[in-house]
Structures are given as structure tokens and as C-alpha cells.
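Asks: This is query35.txt (compact mmCIF, C-alpha atoms and all ligand atoms).
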# COMPACT_ATOMS: atom_id res chain seq x y z
CA MET T 1 0.00 0.00 0.00
CA ASP T 2 1.41 3.35 -1.10
CA HIS T 3 0.65 6.49 0.88
CA PHE T 4 2.34 8.71 -1.72
CA LEU T 5 -0.10 8.84 -4.64
CA TYR T 6 -1.22 11.30 -7.28
CA ARG T 7 -4.59 12.82 -6.55
CA ASN T 8 -6.13 15.54 -8.66
CA GLY T 9 -2.90 15.62 -10.63
CA ILE T 10 -0.63 16.33 -7.63
CA LEU T 11 1.56 13.87 -5.71
CA HIS T 12 0.32 13.65 -2.11
CA ALA T 13 1.76 12.43 1.16
CA GLU T 14 -1.36 10.76 2.58
CA ASP T 15 -3.97 13.54 2.22
CA VAL T 16 -1.55 16.44 1.88
CA PRO T 17 -0.46 17.77 -1.54
CA LEU T 18 3.33 18.00 -1.64
CA SER T 19 2.98 21.39 -3.31
CA ASP T 20 1.32 22.68 -0.09
CA ILE T 21 4.26 21.51 2.00
CA ALA T 22 6.72 23.00 -0.48
CA ALA T 23 4.90 26.33 -0.33
CA SER T 24 5.02 26.27 3.45
CA VAL T 25 8.59 25.05 4.18
CA GLY T 26 10.46 25.64 0.92
CA THR T 27 12.55 23.04 -0.89
CA PRO T 28 14.34 20.74 -0.52
CA PHE T 29 12.71 18.81 2.34
CA TYR T 30 12.08 15.29 3.57
CA VAL T 31 8.51 14.20 4.21
CA TYR T 32 7.43 11.05 6.07
CA SER T 33 4.10 9.25 6.27
CA THR T 34 2.96 8.04 9.70
CA ALA T 35 0.55 5.62 7.96
CA THR T 36 3.45 3.92 6.16
CA LEU T 37 5.60 3.76 9.30
CA GLU T 38 2.71 2.20 11.20
CA ARG T 39 1.83 -0.23 8.45
CA HIS T 40 5.40 -1.45 8.08
CA PHE T 41 5.85 -1.87 11.82
CA LYS T 42 2.62 -3.86 11.97
CA LEU T 43 3.67 -6.06 9.03
CA PHE T 44 6.52 -7.32 11.22
CA GLU T 45 4.17 -7.77 14.18
CA GLU T 46 1.95 -9.93 11.98
CA ALA T 47 4.91 -11.78 10.47
CA LEU T 48 6.11 -12.86 13.92
CA ASP T 49 2.67 -13.51 15.34
CA GLY T 50 2.64 -16.75 17.31
CA ILE T 51 6.21 -16.54 18.61
CA ASP T 52 7.49 -14.50 21.50
CA HIS T 53 9.14 -11.50 19.86
CA THR T 54 10.34 -7.91 20.16
CA ILE T 55 10.76 -5.52 17.24
CA CYS T 56 13.53 -3.01 17.76
CA PHE T 57 13.53 -0.30 15.09
CA ALA T 58 17.07 0.26 13.77
CA MET T 59 16.92 3.99 14.40
CA LYS T 60 20.13 4.72 12.52
CA SER T 61 17.92 4.60 9.41
CA LEU T 62 15.74 7.50 10.58
CA SER T 63 16.17 9.04 14.01
CA ASN T 64 13.98 12.13 14.21
CA GLN T 65 12.40 12.40 17.67
CA ALA T 66 8.88 12.59 16.22
CA VAL T 67 9.36 9.34 14.32
CA LEU T 68 10.88 7.60 17.35
CA THR T 69 8.05 8.82 19.57
CA PHE T 70 5.46 7.64 17.07
CA LEU T 71 7.00 4.17 16.72
CA GLY T 72 7.62 3.94 20.47
CA LYS T 73 3.92 4.53 21.10
CA LEU T 74 3.12 1.65 18.76
CA GLY T 75 5.24 -0.54 21.04
CA ALA T 76 8.49 -0.57 19.07
CA GLY T 77 11.78 -1.07 20.82
CA MET T 78 14.94 0.54 19.45
CA ASP T 79 18.23 -0.82 18.15
CA VAL T 80 20.82 1.85 18.97
CA VAL T 81 24.42 2.09 17.81
CA SER T 82 25.71 5.10 19.74
CA GLY T 83 25.30 7.06 22.94
CA GLY T 84 23.50 9.72 20.95
CA GLU T 85 20.98 7.23 19.63
CA TYR T 86 20.49 5.84 23.13
CA ALA T 87 19.78 9.36 24.41
CA ARG T 88 17.31 9.95 21.57
CA ALA T 89 15.47 6.68 22.28
CA ILE T 90 15.15 7.52 25.99
CA ALA T 91 14.08 11.10 25.18
CA ALA T 92 11.38 9.65 22.90
CA GLY T 93 9.98 7.75 25.88
CA VAL T 94 11.17 4.29 24.86
CA PRO T 95 11.87 2.32 28.04
CA GLY T 96 15.36 0.88 28.52
CA GLU T 97 14.00 -2.67 28.55
CA ARG T 98 13.07 -2.21 24.89
CA ILE T 99 16.47 -0.84 23.80
CA VAL T 100 19.26 -3.06 22.45
CA PHE T 101 22.74 -1.65 22.00
CA SER T 102 24.58 -2.75 18.84
CA GLY T 103 27.80 -1.58 17.20
CA VAL T 104 31.45 -2.61 16.97
CA GLY T 105 32.94 0.21 18.97
CA LYS T 106 30.87 0.96 22.06
CA THR T 107 32.86 3.14 24.43
CA ARG T 108 32.94 2.64 28.20
CA GLN T 109 31.09 5.89 28.58
CA GLU T 110 28.29 4.67 26.31
CA MET T 111 28.14 1.40 28.24
CA ALA T 112 27.85 3.21 31.56
CA THR T 113 25.12 5.52 30.27
CA ALA T 114 23.04 2.58 29.06
CA LEU T 115 23.59 0.53 32.21
CA LYS T 116 22.45 3.44 34.36
CA GLY T 117 19.51 4.38 32.16
CA GLY T 118 18.30 0.83 31.53
CA ILE T 119 19.06 -1.53 28.68
CA ARG T 120 17.59 -4.74 27.34
CA GLN T 121 20.94 -6.09 26.21
CA PHE T 122 24.28 -5.27 24.66
CA ASN T 123 25.13 -7.08 21.45
CA ILE T 124 28.83 -7.68 22.01
CA GLU T 125 31.14 -7.80 19.03
CA SER T 126 34.58 -8.67 20.40
CA GLU T 127 36.38 -10.10 23.42
CA PRO T 128 37.97 -6.74 24.36
CA GLU T 129 34.50 -5.18 24.32
CA MET T 130 33.24 -7.94 26.59
CA GLU T 131 36.05 -7.24 29.04
CA ALA T 132 35.40 -3.50 28.98
CA LEU T 133 31.70 -4.06 29.66
CA SER T 134 32.55 -6.43 32.50
CA GLU T 135 34.68 -3.70 34.13
CA VAL T 136 32.06 -1.00 33.65
CA ALA T 137 29.20 -3.18 34.95
CA THR T 138 31.22 -4.36 37.94
CA SER T 139 32.21 -0.82 38.85
CA LEU T 140 28.54 0.15 38.80
CA GLY T 141 27.57 -2.96 40.78
CA VAL T 142 25.20 -4.22 38.10
CA GLU T 143 24.98 -7.12 35.67
CA ALA T 144 24.99 -6.42 31.93
CA PRO T 145 22.77 -8.68 29.83
CA VAL T 146 24.60 -9.64 26.63
CA THR T 147 24.37 -11.55 23.43
CA VAL T 148 27.46 -12.16 21.36
CA ARG T 149 27.18 -11.10 17.76
CA VAL T 150 28.44 -13.98 15.69
CA ASN T 151 29.70 -13.63 12.16
CA PRO T 152 28.21 -16.66 10.39
CA ASP T 153 30.36 -16.28 7.25
CA VAL T 154 27.41 -15.98 4.92
CA ASP T 155 27.41 -13.93 1.75
CA ALA T 156 24.44 -11.57 2.05
CA LYS T 157 24.56 -10.91 -1.71
CA THR T 158 24.12 -7.18 -1.22
CA HIS T 159 26.26 -4.06 -1.80
CA GLU T 160 29.76 -4.60 -0.38
CA LYS T 161 29.53 -1.48 1.81
CA ILE T 162 26.52 -2.88 3.67
CA SER T 163 27.45 -6.55 3.81
CA THR T 164 28.37 -7.44 7.39
CA GLY T 165 28.28 -11.20 7.90
CA LYS T 166 31.10 -12.52 5.78
CA LYS T 167 34.54 -13.64 6.96
CA GLY T 168 36.77 -10.56 6.92
CA ASP T 169 33.97 -8.09 7.71
CA LYS T 170 34.65 -6.04 10.84
CA PHE T 171 31.49 -7.24 12.57
CA GLY T 172 30.96 -9.89 15.22
CA ILE T 173 33.03 -12.83 16.35
CA PRO T 174 33.60 -15.64 13.83
CA ILE T 175 31.04 -18.33 14.53
CA SER T 176 33.87 -20.87 14.62
CA ARG T 177 35.18 -19.09 17.72
CA ALA T 178 31.77 -18.69 19.38
CA SER T 179 32.32 -21.47 21.90
CA GLU T 180 35.45 -19.82 23.33
CA ALA T 181 33.82 -16.38 23.26
CA TYR T 182 30.81 -17.58 25.25
CA ALA T 183 33.04 -19.41 27.73
CA ARG T 184 34.96 -16.17 28.20
CA ALA T 185 31.74 -14.18 28.65
CA ALA T 186 30.35 -16.64 31.19
CA ALA T 187 33.54 -16.37 33.23
CA LEU T 188 33.51 -12.57 33.40
CA PRO T 189 31.97 -10.83 36.40
CA GLY T 190 29.13 -8.42 35.67
CA ILE T 191 28.19 -10.18 32.43
CA LYS T 192 25.05 -12.23 31.96
CA VAL T 193 24.71 -14.18 28.74
CA VAL T 194 21.13 -14.11 27.46
CA GLY T 195 21.35 -15.11 23.82
CA ILE T 196 22.91 -14.89 20.39
CA ASP T 197 22.98 -11.99 17.92
CA VAL T 198 23.51 -12.03 14.18
CA HIS T 199 23.10 -9.37 11.46
CA ILE T 200 24.45 -10.15 8.02
CA GLY T 201 23.85 -6.94 6.13
CA SER T 202 21.37 -4.47 4.75
CA GLN T 203 19.13 -4.31 1.68
CA LEU T 204 19.00 -8.10 1.28
CA THR T 205 16.73 -9.05 -1.58
CA GLN T 206 16.76 -12.83 -1.14
CA LEU T 207 15.82 -15.09 1.75
CA GLU T 208 18.57 -17.69 1.23
CA PRO T 209 21.37 -15.80 3.03
CA PHE T 210 19.06 -15.23 6.02
CA GLU T 211 18.18 -18.90 6.02
CA ALA T 212 21.83 -19.98 5.90
CA ALA T 213 22.65 -17.65 8.81
CA TYR T 214 19.65 -18.59 10.96
CA LEU T 215 20.23 -22.33 10.53
CA LYS T 216 23.78 -21.77 11.79
CA VAL T 217 22.37 -19.81 14.73
CA ALA T 218 19.96 -22.67 15.50
CA ASP T 219 22.85 -25.16 15.56
CA LEU T 220 24.86 -22.81 17.72
CA THR T 221 21.95 -22.49 20.16
CA HIS T 222 21.97 -26.27 20.76
CA GLN T 223 25.74 -26.32 21.07
CA LEU T 224 25.95 -23.42 23.52
CA ARG T 225 23.12 -24.83 25.62
CA SER T 226 24.96 -28.15 25.80
CA GLU T 227 27.96 -26.17 27.03
CA GLY T 228 25.84 -24.80 29.85
CA HIS T 229 24.88 -21.33 28.56
CA GLU T 230 21.44 -19.85 28.90
CA ILE T 231 20.28 -18.98 25.39
CA SER T 232 16.81 -17.50 25.71
CA ARG T 233 16.95 -14.72 23.10
CA LEU T 234 17.92 -14.70 19.47
CA ASP T 235 18.55 -11.28 17.99
CA LEU T 236 18.31 -11.78 14.24
CA GLY T 237 19.27 -8.26 13.18
CA GLY T 238 17.71 -6.36 10.34
CA GLY T 239 18.46 -6.18 6.68
CA LEU T 240 15.33 -7.08 4.75
CA GLY T 241 15.47 -5.09 1.52
CA ILE T 242 12.89 -2.79 -0.01
CA PRO T 243 11.90 -2.24 -3.64
CA TYR T 244 13.78 0.88 -4.76
CA GLU T 245 12.77 0.43 -8.38
CA ARG T 246 9.12 0.02 -9.13
CA SER T 247 9.95 -1.67 -12.38
CA ASN T 248 12.02 -4.40 -10.67
CA SER T 249 10.89 -7.58 -8.97
CA ALA T 250 10.11 -7.01 -5.30
CA PRO T 251 12.21 -8.38 -2.42
CA PRO T 252 10.60 -10.94 -0.08
CA LEU T 253 7.77 -9.68 2.11
CA PRO T 254 7.93 -9.47 5.90
CA ILE T 255 5.37 -12.30 6.13
CA GLU T 256 7.69 -14.58 4.11
CA TYR T 257 10.63 -13.46 6.22
CA GLY T 258 8.65 -14.20 9.39
CA ALA T 259 7.77 -17.68 8.11
CA LEU T 260 11.45 -18.31 7.47
CA ILE T 261 12.35 -17.24 11.00
CA LYS T 262 9.71 -19.54 12.46
CA ARG T 263 10.95 -22.42 10.31
CA CYS T 264 14.62 -21.92 11.26
CA VAL T 265 14.45 -21.02 14.94
CA GLY T 266 10.78 -21.20 15.95
CA ASP T 267 11.08 -24.44 17.92
CA LEU T 268 13.99 -23.39 20.13
CA GLY T 269 11.85 -21.78 22.80
CA CYS T 270 13.70 -18.47 22.41
CA GLU T 271 12.32 -14.98 22.28
CA VAL T 272 13.09 -13.59 18.84
CA GLU T 273 14.26 -9.99 18.43
CA ILE T 274 14.49 -8.34 15.05
CA GLU T 275 15.98 -4.96 14.16
CA PRO T 276 14.45 -3.75 10.92
CA GLY T 277 15.43 -0.25 9.84
CA ARG T 278 15.05 0.35 6.14
CA LEU T 279 11.93 -1.77 5.74
CA ILE T 280 10.07 0.37 8.25
CA SER T 281 11.38 3.80 7.27
CA GLY T 282 12.63 3.56 3.66
CA ASN T 283 9.39 3.74 1.75
CA ALA T 284 7.85 5.95 4.41
CA GLY T 285 9.76 9.00 3.15
CA LEU T 286 10.33 11.17 0.11
CA LEU T 287 12.87 13.85 -0.62
CA VAL T 288 11.20 16.73 -2.45
CA SER T 289 13.32 19.13 -4.47
CA SER T 290 12.88 21.89 -7.07
CA VAL T 291 14.48 22.11 -10.46
CA ILE T 292 16.74 25.16 -10.59
CA TYR T 293 17.85 24.92 -14.21
CA VAL T 294 17.49 22.65 -17.19
CA LYS T 295 20.82 22.76 -18.96
CA ASP T 296 21.41 21.45 -22.44
CA GLY T 297 24.18 18.92 -22.47
CA ASP T 298 26.05 17.05 -25.12
CA GLY T 299 23.55 14.26 -25.73
CA THR T 300 21.87 14.20 -22.33
CA ASP T 301 20.37 17.23 -20.70
CA PHE T 302 20.96 18.08 -17.06
CA LEU T 303 18.31 18.72 -14.46
CA ILE T 304 20.09 20.86 -11.90
CA ILE T 305 18.07 20.62 -8.70
CA ASP T 306 18.23 22.24 -5.27
CA ALA T 307 18.91 18.97 -3.41
CA ALA T 308 22.44 17.60 -3.39
CA MET T 309 24.59 14.72 -2.21
CA ASN T 310 24.87 16.34 1.22
CA ASP T 311 21.08 15.99 1.61
CA LEU T 312 20.81 12.45 0.21
CA ALA T 313 24.13 10.64 0.11
CA ARG T 314 23.00 7.19 -1.04
CA PRO T 315 23.45 7.65 -4.80
CA ALA T 316 26.95 9.14 -4.39
CA MET T 317 27.92 6.70 -1.65
CA TYR T 318 26.51 3.40 -2.88
CA GLY T 319 25.53 4.14 -6.47
CA ALA T 320 22.00 3.69 -5.14
CA HIS T 321 18.93 4.06 -7.30
CA HIS T 322 15.95 6.19 -6.28
CA ASP T 323 12.86 6.49 -8.43
CA ILE T 324 12.41 10.21 -9.20
CA VAL T 325 9.01 11.50 -10.24
CA PRO T 326 7.49 14.90 -10.99
CA VAL T 327 5.12 16.21 -8.32
CA VAL T 328 2.68 17.34 -10.99
CA GLU T 329 1.30 14.18 -12.55
CA PRO T 330 2.42 13.78 -16.15
CA ALA T 331 -0.30 13.34 -18.74
CA PRO T 332 -0.85 9.70 -19.68
CA GLY T 333 1.61 8.75 -22.41
CA ALA T 334 3.56 12.00 -21.93
CA GLU T 335 6.81 12.04 -23.83
CA GLN T 336 9.92 11.18 -21.79
CA ARG T 337 13.41 12.59 -22.09
CA ALA T 338 16.70 11.39 -20.67
CA PHE T 339 18.17 13.67 -18.01
CA ASP T 340 21.22 13.54 -15.79
CA ILE T 341 19.79 14.64 -12.46
CA VAL T 342 22.41 16.52 -10.49
CA GLY T 343 22.83 18.75 -7.45
CA PRO T 344 24.68 22.08 -7.19
CA ILE T 345 27.73 20.75 -5.29
CA CYS T 346 31.15 21.15 -6.88
CA GLU T 347 31.82 17.44 -7.37
CA SER T 348 30.86 15.19 -10.23
CA GLY T 349 29.84 12.66 -7.58
CA ASP T 350 26.90 14.95 -6.86
CA THR T 351 24.82 13.05 -9.41
CA PHE T 352 21.55 11.38 -8.44
CA ALA T 353 20.83 9.65 -11.73
CA LYS T 354 22.34 9.39 -15.18
CA ALA T 355 20.30 9.33 -18.40
CA ARG T 356 17.11 8.95 -16.40
CA ASN T 357 13.95 9.01 -18.47
CA MET T 358 11.59 11.62 -17.09
CA PRO T 359 8.55 13.41 -18.43
CA ALA T 360 9.55 16.95 -19.39
CA VAL T 361 10.02 19.15 -16.33
CA GLY T 362 11.19 22.72 -16.27
CA ALA T 363 12.80 25.25 -13.96
CA GLY T 364 10.77 25.73 -10.79
CA ASP T 365 9.02 22.35 -11.03
CA LEU T 366 8.94 20.05 -8.02
CA ILE T 367 10.30 16.51 -8.19
CA ALA T 368 10.24 13.77 -5.57
CA PHE T 369 12.75 11.04 -4.77
CA ARG T 370 10.93 7.94 -3.62
CA SER T 371 12.16 5.53 -0.92
CA ALA T 372 14.22 8.24 0.76
CA GLY T 373 13.03 7.71 4.34
CA ALA T 374 15.90 5.45 5.37
CA TYR T 375 19.55 6.54 5.42
CA GLY T 376 18.50 9.89 3.97
CA ALA T 377 18.15 12.70 6.51
CA VAL T 378 20.32 10.82 9.01
CA MET T 379 23.31 10.84 6.65
CA ALA T 380 22.93 14.48 5.66
CA SER T 381 25.69 16.99 6.24
CA GLU T 382 26.18 20.71 5.74
CA TYR T 383 28.84 20.26 3.05
CA ASN T 384 29.11 23.42 0.92
CA SER T 385 27.47 25.23 3.87
CA ARG T 386 24.10 23.99 2.78
CA PRO T 387 21.94 23.96 5.94
CA LEU T 388 20.38 20.61 6.91
CA ILE T 389 17.04 20.40 5.17
CA PRO T 390 13.74 20.27 7.06
CA GLU T 391 11.85 17.10 7.90
CA VAL T 392 8.07 17.05 7.77
CA LEU T 393 5.72 14.44 9.21
CA VAL T 394 2.26 13.79 7.78
CA LYS T 395 -0.74 12.14 9.39
CA GLY T 396 -3.88 12.17 7.29
CA ASP T 397 -4.46 15.77 6.32
CA GLN T 398 -2.14 17.19 9.00
CA PHE T 399 1.52 17.96 8.62
CA ASP T 400 4.13 19.47 10.85
CA VAL T 401 7.76 20.41 10.55
CA ILE T 402 9.61 17.96 12.82
CA ARG T 403 13.00 19.53 12.19
CA ALA T 404 13.27 23.06 10.93
CA ARG T 405 15.78 24.31 8.41
CA PRO T 406 18.41 26.33 10.28
CA THR T 407 19.01 29.86 9.08
CA PHE T 408 22.44 30.80 7.79
CA ASP T 409 22.96 32.78 10.99
CA GLU T 410 22.16 29.74 13.13
CA MET T 411 24.53 27.65 11.07
CA ILE T 412 27.31 30.22 11.39
CA ALA T 413 26.68 30.76 15.10
CA ARG T 414 27.65 27.14 15.87
CA ASP T 415 31.24 28.00 15.02
CA LYS T 416 33.35 29.97 17.48
CA VAL T 417 36.11 32.32 16.39
CA PRO T 418 38.84 32.47 19.10
CA GLU T 419 39.78 35.95 20.26
CA TRP T 420 43.43 35.30 19.48
CA ILE T 421 42.86 35.22 15.73
C1 LIG T 501 22.00 -1.27 10.20
C2 LIG T 501 21.60 -2.32 11.15
C3 LIG T 501 20.28 -2.77 11.19
C4 LIG T 501 19.22 -2.28 10.24
O1 LIG T 501 19.44 -2.65 8.93
P1 LIG T 501 18.31 -2.39 7.84
O2 LIG T 501 18.89 -2.93 6.60
O3 LIG T 501 18.06 -0.93 7.78
O4 LIG T 501 17.09 -3.17 8.28
C5 LIG T 501 19.94 -3.69 12.16
N1 LIG T 501 20.85 -4.17 13.04
C6 LIG T 501 22.13 -3.77 13.02
C7 LIG T 501 23.07 -4.32 14.01
C8 LIG T 501 22.55 -2.84 12.08
O5 LIG T 501 23.82 -2.46 12.05
Could I get this structure in the form of C-alpha cells?

Replies:
Amino acid sequence: MDHFLYRNGILHAEDVPLSDIAASVGTPFYVYSTATLERHFKLFEEALDGIDHTICFAMKSLSNQAVLTFLGKLGAGMDVVSGGEYARAIAAGVPGERIVFSGVGKTRQEMATALKGGIRQFNIESEPEMEALSEVATSLGVEAPVTVRVNPDVDAKTHEKISTGKKGDKFGIPISRASEAYARAAALPGIKVVGIDVHIGSQLTQLEPFEAAYLKVADLTHQLRSEGHEISRLDLGGGLGIPYERSNSAPPLPIEYGALIKRCVGDLGCEVEIEPGRLISGNAGLLVSSVIYVKDGDGTDFLIIDAAMNDLARPAMYGAHHDIVPVVEPAPGAEQRAFDIVGPICESGDTFAKARNMPAVGAGDLIAFRSAGAYGAVMASEYNSRPLIPEVLVKGDQFDVIRARPTFDEMIARDKVPEWI
């Protein structure tokens, strides 16, 4: 179900015409649909119906406080990867017992903050991290619940920059060494083993790599139990892909993913945790931009737009594809032209699409990047002194700015010029 549809010739976010938002906040901006966020969260709830489970939203994909508060009220937990994300989750009212702490480089300070504020578990990624957590927990007189993230050596068959479960990746402890790692964890004071964690990558478009990983986790569960460890939780990470190209075949659905989980680990008597990010937030957001100029090129014409790689880094960073559509609905059968769609930044990498067929659009027209809710706003920077763009949240016919565009003065005022210059 798509909550971004043309109505009366204008692309809407739920019941709000994007042209209304553009008139009110200016371009470029991100806009998110609460209906899509809710629907995607509930798809996972349905997919895991019948087994004990917790869904922790991978908030690194989209971490605006309004979005976190909304998902938290639906009952979502959070998967956090930094002290800042932990602070955001708590500020959004998510209780510590629904927050899991992931990431390869948790600092002692981050560990202490989470132990004091409440945490469901730490997903531990190395022996030195385990030892650091043991020291921090002991000094605070508490016990830290942990899983060990195992690297199952499975090829996730996704982009190399977001593949995380293959031998040689920086993540987790090789599954072949899991036995020793768990023995080490069990021997450390202040550490309580509660389960196993695995996360093999992001934007997976097939179920087979998940299946290979989860079958290994099931075997490991039996083995670790026979070695005397309590394995009552399996954290199966995130990573289910979304359809970025309408014209392409769709990745597996949450319901199929849920069935796979039940088949692989459903009879182990464990609580299952999942950490979806992109599948909840990706198709819940658009980036809306205006065309500044149409420039004749040598063969292909350029659409020079007011969004750039600092606002949406995915195309420059991963060569990622986003469907790009005009906000004013093209007439049926309207002629298409090939455009290179580029931002104003002084780098050739600031290219969103090459030779993309688009209905004719002109200077001043609005265009929308689909599937921009995940890893969009959160990766933005102020490169070229372009202020972070606003985020807008829609519910039905209401919309609100959930992060305002800073003024140039506000942007400049964050810097301090020492007196001695
Ligand atoms: C990034 C990440 C996720 C979320 O991945 P998606 O592909 O957005 O679902 C979940 N868990 C961990 C540990 C991650 O690093």
C-alpha cells in the first residue's frame, strides 16, 4: 500500500499535496508518512505472530524524535548504535527494557550511560569489548545482559559497503570461535549471557542468506546450551530489503521473512528480536526538491536541482537508485526525455541519476525522490554550507515540521572564532 499517490494531478503524502508543503517550508525537504511507518511496523508484528518477539527499530535509518516517539507509542523497541541514539530513544519515551545496543565500537562511557539508564541487552562484538563491559558493569555494581554477535560467514549478496556477515567483515566474532567467546563471557563478572545476535547486512533481496545464517544460529543455540549457557533470546538483526525500483521484482515480504524465522528457529523456545530499519522507514519517506535549471548537455540534458549529495548521500555513496518523479502528474503517455539529475555541489559525484527518463520538467518544477526515508536525513551533512534540510511528518491531512531548516545565521553561530585570531 502506497501512501504517496497522485490525486487531482498532484503527488500527495497521505492527504496532503506536496505542493502545499513546499509552499510552506520551501525546498528541498524530507517528508514522512505516519501511515506507512505504522503499516510497516505492523507487518513485522503480523509476520512474527505466534512466537514470543520484540521488534527493535534500527533507528540509525531515521532518528527524528517525532518518528521515534510515534513508533515507540506503537510498542516498538529501538536498536541503537551510539550514545547519541540511546539518548534519543530515551528522550522519545522508549523504556530501557526495549532498547538493544549494537555496534562494533561501544565506548565505556556509552556502556555506563546505558547501564544506568536501563538496557535490554548489549550485542557484544569482540572479546575486548566484553572485558570493557565487565569492568564497567562491575564498577557500577550491576549485571549487563549480553548476546554475542556472531559472524556466520554468509554472503548476504548485497552491496559490499553494507554486507556485514562474511569472513573478513569487521562485525561480530567468527562463529567458529563462538564457543570460546561464550566461555569467556560466562567467566567474566558483571556479564550475563542471554542469547545470540547475528546481522548479516542491509538491503537483502533474497531469503537464502538469512536462512543460511539462521540455521547456523539454531545449531549454535543447541551447542551453547549443551555447554551450559542460557540462550533465551535470538537477535536476528535487520536487513530485509525494499523495492527501490518500481519496475524491478520485489524483495521478499515481511510475512515470508517471518515464516522463514519460524521455520529456522521457531522451535527453540527463544524470544526472537528483530531490528528492521530500512523496511520500516525507507518507503515511508520522500525527498522533495525543485528544479533550478534545465541545462542542455552534449547528448543528455541536465536537471540541476536544489537537493544535493549532502542531503541524500545514497546515490553518491553506494551508487544507489531512487525512483524520481514529478510532483505534478504527467499526462498519460507523456513524452519522456533522458536527463542527468544533479545537485549544485562542486563534485561530479553529486549526481543522483544518469540518463534517467523523465517526463519533461522545467525550472521551478517540483520533483520527488521515492524511498528516501531510510539513510536519507540521518546521513545528511552541511557540506558546501548547505543547511540541513527540514523534515516534515504527515498524518492524514495534518503535517508538521519535525525539524526546521536552520538559518544561515544559526549555522554560522555554531562555530566559534577564538579571540586570538
Ligand atoms: C544497520 C543495522 C540494522 C538495520 O538494517 P536495515 O537494513 O536498515 O534493516 C539492524 N541491526 C544492526 C546491528 C545494524 O547495524

Asks: Taking all atoms listed in the file into account, list the residues no farther than 8 Å from ligand LIG 501 (chain T), as a list in words.

Replies: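 So the residues close to ligand LIG 501 (chain T) are Phe57, Ala58, Met59, Lys60, Ser61, Asp79, Val81, Ser102, Gly103, Val198, His199, Gly201, Ser202, Gln203, Leu204, Gly237, Gly238, Gly239, Leu240, Gly241, Ile274, Glu275, Pro276, Gly277, Arg278, Leu279, Ile280, Ala374 and Tyr375 of chain T.
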
Asks: Compute the distance from (14.3, 22.4, 0.1) to each atom, counting all atoms listed in the file, keep the residues with any atom at most 9 Å away, and return them as a list of chain:residue names; use the coordinates of the file.

Replies: T:Ala22, T:Val25, T:Gly26, T:Thr27, T:Pro28, T:Phe29, T:Tyr30, T:Leu287, T:Val288, T:Ser289, T:Ser290, T:Asp306, T:Ala307, T:Ile389, T:Pro390, T:Arg405

Asks: Which is closer to Met309 in chain T than all the others in T:Val392, T:Ala353, T:Ala87, T:Ile55, using all atoms listed in the file?

Replies: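 Result for the nearest residue to Met309 in chain T: T:Ala353.
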
Asks: Would you pick out the contacts of range 268-273 of chain T at 12 Å or less, using all atoms listed in the file, so that residues sharing its chain but fewer than 2 positions from it are not included, and give the list as a ChimeraX atom specification?

Replies: /T:44-45,47-58,76-79,98-100,120-121,123,147,194-199,214-215,217-222,225,230-238,258,261-266,275-276

Asks: Around the point (16.9, 1.2, 32.2) in the file's coordinates, collect all residues with an atom within 7 Å, using all atoms listed in the file, and return them as a PDB file with C-alpha atoms, keeping the file's coordinate frame.

Replies:
ATOM      1  CA  PRO T  95      11.870   2.320  28.040  1.00  0.00           C
ATOM      2  CA  GLY T  96      15.360   0.880  28.520  1.00  0.00           C
ATOM      3  CA  GLU T  97      14.000  -2.670  28.550  1.00  0.00           C
ATOM      4  CA  LEU T 115      23.590   0.530  32.210  1.00  0.00           C
ATOM      5  CA  LYS T 116      22.450   3.440  34.360  1.00  0.00           C
ATOM      6  CA  GLY T 117      19.510   4.380  32.160  1.00  0.00           C
ATOM      7  CA  GLY T 118      18.300   0.830  31.530  1.00  0.00           C
ATOM      8  CA  ILE T 119      19.060  -1.530  28.680  1.00  0.00           C
TER       9      ILE T 119
END

Asks: Emit range 176-187 of chain T of the structure in the block as a file comprising N, CA, C and O atoms, as a short mmCIF file (atom, residue, chain, number, x, y, z; two decimals), in the first residue's frame.

Replies:
data_model
loop_
_atom_site.label_atom_id
_atom_site.label_comp_id
_atom_site.auth_asym_id
_atom_site.auth_seq_id
_atom_site.Cartn_x
_atom_site.Cartn_y
_atom_site.Cartn_z
N SER T 176 32.99 -19.75 14.26
CA SER T 176 33.87 -20.87 14.62
C SER T 176 34.52 -20.66 15.99
O SER T 176 35.00 -21.59 16.61
N ARG T 177 34.54 -19.40 16.43
CA ARG T 177 35.18 -19.09 17.72
C ARG T 177 34.13 -18.82 18.81
O ARG T 177 34.47 -18.39 19.91
N ALA T 178 32.85 -19.07 18.47
CA ALA T 178 31.77 -18.69 19.38
C ALA T 178 31.89 -19.41 20.73
O ALA T 178 31.69 -18.80 21.79
N SER T 179 32.23 -20.68 20.68
CA SER T 179 32.32 -21.47 21.90
C SER T 179 33.27 -20.83 22.91
O SER T 179 32.92 -20.63 24.08
N GLU T 180 34.46 -20.47 22.45
CA GLU T 180 35.45 -19.82 23.33
C GLU T 180 34.92 -18.47 23.81
O GLU T 180 35.09 -18.11 24.98
N ALA T 181 34.29 -17.72 22.89
CA ALA T 181 33.82 -16.38 23.26
C ALA T 181 32.75 -16.48 24.35
O ALA T 181 32.75 -15.70 25.31
N TYR T 182 31.86 -17.44 24.24
CA TYR T 182 30.81 -17.58 25.25
C TYR T 182 31.39 -18.07 26.58
O TYR T 182 30.96 -17.64 27.65
N ALA T 183 32.40 -18.94 26.50
CA ALA T 183 33.04 -19.41 27.73
C ALA T 183 33.69 -18.22 28.45
O ALA T 183 33.59 -18.06 29.67
N ARG T 184 34.32 -17.36 27.64
CA ARG T 184 34.96 -16.17 28.20
C ARG T 184 33.91 -15.26 28.84
O ARG T 184 34.09 -14.78 29.96
N ALA T 185 32.79 -15.05 28.13
CA ALA T 185 31.74 -14.18 28.65
C ALA T 185 31.18 -14.72 29.96
O ALA T 185 30.98 -13.98 30.93
N ALA T 186 30.96 -16.03 30.00
CA ALA T 186 30.35 -16.64 31.19
C ALA T 186 31.27 -16.50 32.40
O ALA T 186 30.81 -16.44 33.54
N ALA T 187 32.58 -16.44 32.13
CA ALA T 187 33.54 -16.37 33.23
C ALA T 187 33.73 -14.94 33.75
O ALA T 187 34.31 -14.73 34.81
#
